[in-house]
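In what follows, a single structure is set out as C-alpha coordinates and then discussed.
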Amino acid sequence: KAGVTQTPRYLIKTRGQQVTLSCSPISGHRSVSWYQQTPGQGLQFLFEYFSETQRNKGNFPGRFSGRQFSNSRSEMNVSTLELGDSALYLCASSGGAGSYEQYFGPGTRLTVT
Amino acid sequence: DAKTTQPNSMESNEEEPVHLPCNHSTISGTDYIHWYRQLPSQGPEYVIHGLTSNVNNRMASLAIAEDRKSSTLILHRATLRDAAVYYCILRAYSSASKIIFGSGTRLSIRP
(Lines give C-alpha, C1' and ligand atoms only; values in the text may rest on other atoms or scores of the structure.)
Protein backbone atom coordinates (compact mmCIF):
# COMPACT_ATOMS: atom_id res chain seq x y z
CA LYS A 1 0.00 0.00 0.00
CA ALA A 2 1.32 3.43 -0.89
CA GLY A 3 1.89 5.76 2.04
CA VAL A 4 0.65 9.29 2.57
CA THR A 5 1.92 11.60 -0.15
CA GLN A 6 2.25 15.36 0.06
CA THR A 7 2.91 17.83 -2.71
CA PRO A 8 4.92 19.87 -3.17
CA ARG A 9 7.75 18.81 -0.89
CA TYR A 10 9.37 22.24 -0.85
CA LEU A 11 7.92 25.66 -1.49
CA ILE A 12 9.20 29.22 -1.28
CA LYS A 13 6.68 32.04 -1.15
CA THR A 14 6.73 35.76 -0.49
CA ARG A 15 4.99 37.51 2.37
CA GLY A 16 1.39 38.37 1.47
CA GLN A 17 0.98 35.56 -1.06
CA GLN A 18 -1.20 32.54 -0.58
CA VAL A 19 -0.32 28.87 -0.83
CA THR A 20 -2.15 25.57 -1.30
CA LEU A 21 -0.70 22.28 -0.09
CA SER A 22 -2.00 18.88 -1.10
CA CYS A 23 -2.24 15.57 0.71
CA SER A 24 -3.25 12.14 -0.60
CA PRO A 25 -4.07 9.73 2.21
CA ILE A 26 -3.47 6.00 2.29
CA SER A 27 -6.04 4.19 0.16
CA GLY A 28 -9.14 3.47 2.20
CA HIS A 29 -8.40 6.04 4.89
CA ARG A 30 -11.15 8.60 5.34
CA SER A 31 -9.62 10.83 8.01
CA VAL A 32 -6.97 13.42 7.21
CA SER A 33 -5.30 15.70 9.74
CA TRP A 34 -2.90 18.57 9.24
CA TYR A 35 -0.10 19.73 11.54
CA GLN A 36 2.40 22.55 11.56
CA GLN A 37 5.89 21.90 12.90
CA THR A 38 8.32 24.67 13.81
CA PRO A 39 11.47 24.61 15.96
CA GLY A 40 9.90 26.99 18.46
CA GLN A 41 6.38 25.59 18.80
CA GLY A 42 6.91 21.95 17.94
CA LEU A 43 4.08 19.98 16.35
CA GLN A 44 0.74 21.78 16.43
CA PHE A 45 -2.61 20.47 15.27
CA LEU A 46 -4.29 22.49 12.54
CA PHE A 47 -7.46 20.61 11.60
CA GLU A 48 -8.96 17.22 10.85
CA TYR A 49 -11.32 16.16 8.10
CA PHE A 50 -13.47 13.06 7.88
CA SER A 51 -15.74 12.32 4.94
CA GLU A 52 -15.37 15.86 3.59
CA THR A 53 -16.36 17.44 6.93
CA GLN A 54 -14.08 19.33 9.26
CA ARG A 55 -14.56 17.72 12.64
CA ASN A 56 -11.86 19.39 14.69
CA LYS A 57 -9.81 22.55 14.49
CA GLY A 58 -6.71 23.80 16.29
CA ASN A 59 -5.95 27.31 17.48
CA PHE A 60 -4.84 28.91 14.25
CA PRO A 61 -6.11 32.11 12.61
CA GLY A 62 -8.69 32.05 9.87
CA ARG A 63 -5.93 32.48 7.26
CA PHE A 64 -5.44 28.73 7.60
CA SER A 65 -8.17 26.71 5.95
CA GLY A 66 -8.62 23.30 4.48
CA ARG A 67 -10.97 21.00 2.67
CA GLN A 68 -11.38 17.36 1.81
CA PHE A 69 -12.65 15.91 -1.42
CA SER A 70 -14.87 12.92 -2.00
CA ASN A 71 -11.82 10.74 -2.74
CA SER A 72 -10.44 11.73 0.72
CA ARG A 73 -7.64 13.82 -0.74
CA SER A 74 -7.18 17.01 1.21
CA GLU A 75 -5.82 20.47 0.64
CA MET A 76 -4.86 23.18 3.06
CA ASN A 77 -4.61 26.83 2.15
CA VAL A 78 -2.80 29.65 3.86
CA SER A 79 -3.66 33.15 2.73
CA THR A 80 -1.74 36.37 3.30
CA LEU A 81 1.42 34.55 4.24
CA GLU A 82 3.53 35.85 7.11
CA LEU A 83 7.18 35.11 7.88
CA GLY A 84 6.06 33.08 10.90
CA ASP A 85 4.20 30.66 8.64
CA SER A 86 7.53 29.18 7.57
CA ALA A 87 7.31 25.62 8.79
CA LEU A 88 7.04 21.96 7.93
CA TYR A 89 3.40 21.13 7.22
CA LEU A 90 2.54 17.51 7.88
CA CYS A 91 -0.48 15.57 6.79
CA ALA A 92 -1.61 12.36 8.46
CA SER A 93 -4.31 9.88 7.53
CA SER A 94 -6.10 7.28 9.57
CA GLY A 95 -8.88 4.78 9.18
CA GLY A 96 -11.19 6.26 11.78
CA ALA A 97 -11.62 7.86 15.16
CA GLY A 98 -9.34 8.40 18.16
CA SER A 99 -8.35 4.81 18.72
CA TYR A 100 -6.75 4.59 15.32
CA GLU A 101 -3.12 5.25 14.58
CA GLN A 102 -2.24 8.05 12.22
CA TYR A 103 0.17 7.68 9.34
CA PHE A 104 2.17 10.76 8.49
CA GLY A 105 3.46 11.95 5.16
CA PRO A 106 6.93 13.41 4.63
CA GLY A 107 5.65 16.97 4.89
CA THR A 108 5.85 20.12 2.82
CA ARG A 109 8.61 22.53 3.80
CA LEU A 110 7.25 26.07 3.33
CA THR A 111 9.60 29.03 3.46
CA VAL A 112 8.14 32.52 3.48
CA THR A 113 10.51 35.35 2.56
CA ASP B 1 -7.25 18.18 26.61
CA ALA B 2 -5.29 15.96 28.97
CA LYS B 3 -1.55 16.62 28.96
CA THR B 4 1.49 14.39 29.14
CA THR B 5 4.87 14.97 30.75
CA GLN B 6 8.06 13.40 29.42
CA PRO B 7 11.76 13.92 30.11
CA ASN B 8 13.38 16.21 27.57
CA SER B 9 16.15 13.78 26.68
CA MET B 10 17.52 10.32 27.41
CA GLU B 11 20.57 8.37 26.40
CA SER B 12 21.02 4.67 26.05
CA ASN B 13 23.56 2.20 24.78
CA GLU B 14 23.09 0.23 21.63
CA GLU B 15 21.64 -3.26 22.08
CA GLU B 16 20.35 -2.44 25.56
CA PRO B 17 16.70 -2.00 26.58
CA VAL B 18 15.30 1.53 26.81
CA HIS B 19 12.45 2.59 29.08
CA LEU B 20 10.82 5.87 28.10
CA PRO B 21 8.47 7.20 30.80
CA CYS B 22 5.36 9.32 30.40
CA ASN B 23 3.13 10.85 33.05
CA HIS B 24 -0.51 11.60 32.28
CA SER B 25 -2.15 12.16 35.66
CA THR B 26 -5.24 13.86 34.17
CA ILE B 27 -6.07 11.03 31.80
CA SER B 28 -9.77 10.31 31.36
CA GLY B 29 -11.43 6.94 31.01
CA THR B 30 -11.85 7.29 27.26
CA ASP B 31 -8.28 8.37 26.50
CA TYR B 32 -6.04 6.02 24.58
CA ILE B 33 -2.29 6.28 25.16
CA HIS B 34 -0.42 6.58 21.87
CA TRP B 35 3.30 6.72 21.19
CA TYR B 36 4.81 8.18 18.06
CA ARG B 37 8.41 8.82 17.15
CA GLN B 38 10.00 11.20 14.71
CA LEU B 39 13.29 10.32 13.10
CA PRO B 40 15.43 13.16 11.78
CA SER B 41 13.99 14.78 8.66
CA GLN B 42 10.91 12.56 8.63
CA GLY B 43 7.27 12.84 9.64
CA PRO B 44 6.17 11.20 12.89
CA GLU B 45 5.78 7.45 12.86
CA TYR B 46 3.22 5.46 14.84
CA VAL B 47 4.83 3.15 17.40
CA ILE B 48 2.15 1.66 19.64
CA HIS B 49 -1.03 2.46 21.54
CA GLY B 50 -3.10 1.03 24.36
CA LEU B 51 -5.99 1.68 26.70
CA THR B 52 -5.57 -0.32 29.91
CA SER B 53 -3.60 -3.49 29.28
CA ASN B 54 0.04 -3.78 28.36
CA VAL B 55 0.61 -4.05 24.62
CA ASN B 56 3.34 -5.57 22.48
CA ASN B 57 4.11 -5.21 18.80
CA ARG B 58 7.10 -5.72 16.56
CA MET B 59 8.51 -2.30 17.40
CA ALA B 60 8.04 -1.97 21.14
CA SER B 61 6.06 -2.75 24.27
CA LEU B 62 3.79 -0.41 26.18
CA ALA B 63 3.45 -0.85 29.92
CA ILE B 64 0.48 1.01 31.43
CA ALA B 65 0.20 1.64 35.16
CA GLU B 66 -2.80 0.16 36.92
CA ASP B 67 -4.22 3.64 37.65
CA ARG B 68 -3.39 4.69 34.05
CA LYS B 69 -1.66 7.85 35.26
CA SER B 70 1.63 6.84 33.74
CA SER B 71 3.00 4.58 31.05
CA THR B 72 6.37 3.38 29.77
CA LEU B 73 7.45 2.68 26.24
CA ILE B 74 9.96 -0.14 26.15
CA LEU B 75 12.39 -0.67 23.29
CA HIS B 76 13.76 -4.11 24.01
CA ARG B 77 17.05 -3.80 22.19
CA ALA B 78 17.93 -0.31 21.03
CA THR B 79 19.67 0.20 17.72
CA LEU B 80 21.19 3.36 16.28
CA ARG B 81 18.10 3.65 14.07
CA ASP B 82 15.97 4.15 17.19
CA ALA B 83 17.51 7.58 17.81
CA ALA B 84 14.51 9.89 17.49
CA VAL B 85 12.11 12.14 19.38
CA TYR B 86 9.46 10.03 21.09
CA TYR B 87 6.05 11.53 21.77
CA CYS B 88 3.55 10.22 24.30
CA ILE B 89 0.05 11.37 23.39
CA LEU B 90 -3.47 10.95 24.73
CA ARG B 91 -6.31 10.57 22.25
CA ALA B 92 -9.95 10.39 23.23
CA TYR B 93 -12.05 7.72 21.59
CA SER B 94 -14.52 10.00 19.89
CA SER B 95 -15.46 11.06 16.44
CA ALA B 96 -13.67 14.33 16.89
CA SER B 97 -10.32 13.76 18.52
CA LYS B 98 -7.14 15.56 17.77
CA ILE B 99 -3.56 14.73 18.59
CA ILE B 100 -1.85 17.13 21.00
CA PHE B 101 1.88 16.65 20.74
CA GLY B 102 4.01 17.64 23.72
CA SER B 103 7.72 18.34 23.45
CA GLY B 104 8.63 14.65 23.52
CA THR B 105 11.80 12.87 24.64
CA ARG B 106 14.87 13.07 22.45
CA LEU B 107 16.48 9.62 22.61
CA SER B 108 20.17 9.29 21.77
CA ILE B 109 21.81 5.91 21.28
CA ARG B 110 25.48 5.40 22.03
CA PRO B 111 27.23 2.85 19.81
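Letters A, B, ... go to the chains of the C-alpha coordinates in the order shown; residues in each chain start at 1; ligands are counted from 1 in the same order.
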task = Dump as a PyMOL selection string the residues of chain A that approach chain B to within 12 Å, counting only C-alpha atoms.
result = chain A and resi 3-6+9+31-51+53-59+88-109
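Taking only C-alpha atoms into account, B:Met59 lies nearest to B:Thr79 out of the set B:Thr79, B:Ser25, B:Ser71, B:Asn13.
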query = What residues in stretch 4-103 of chain A get the DSSP label strand (DSSP E)? Please answer as a PyMOL selection string.
reply = chain A and resi 5-7+10-13+19-24+31-38+42-50+53-57+64-68+74-78+87-94+103
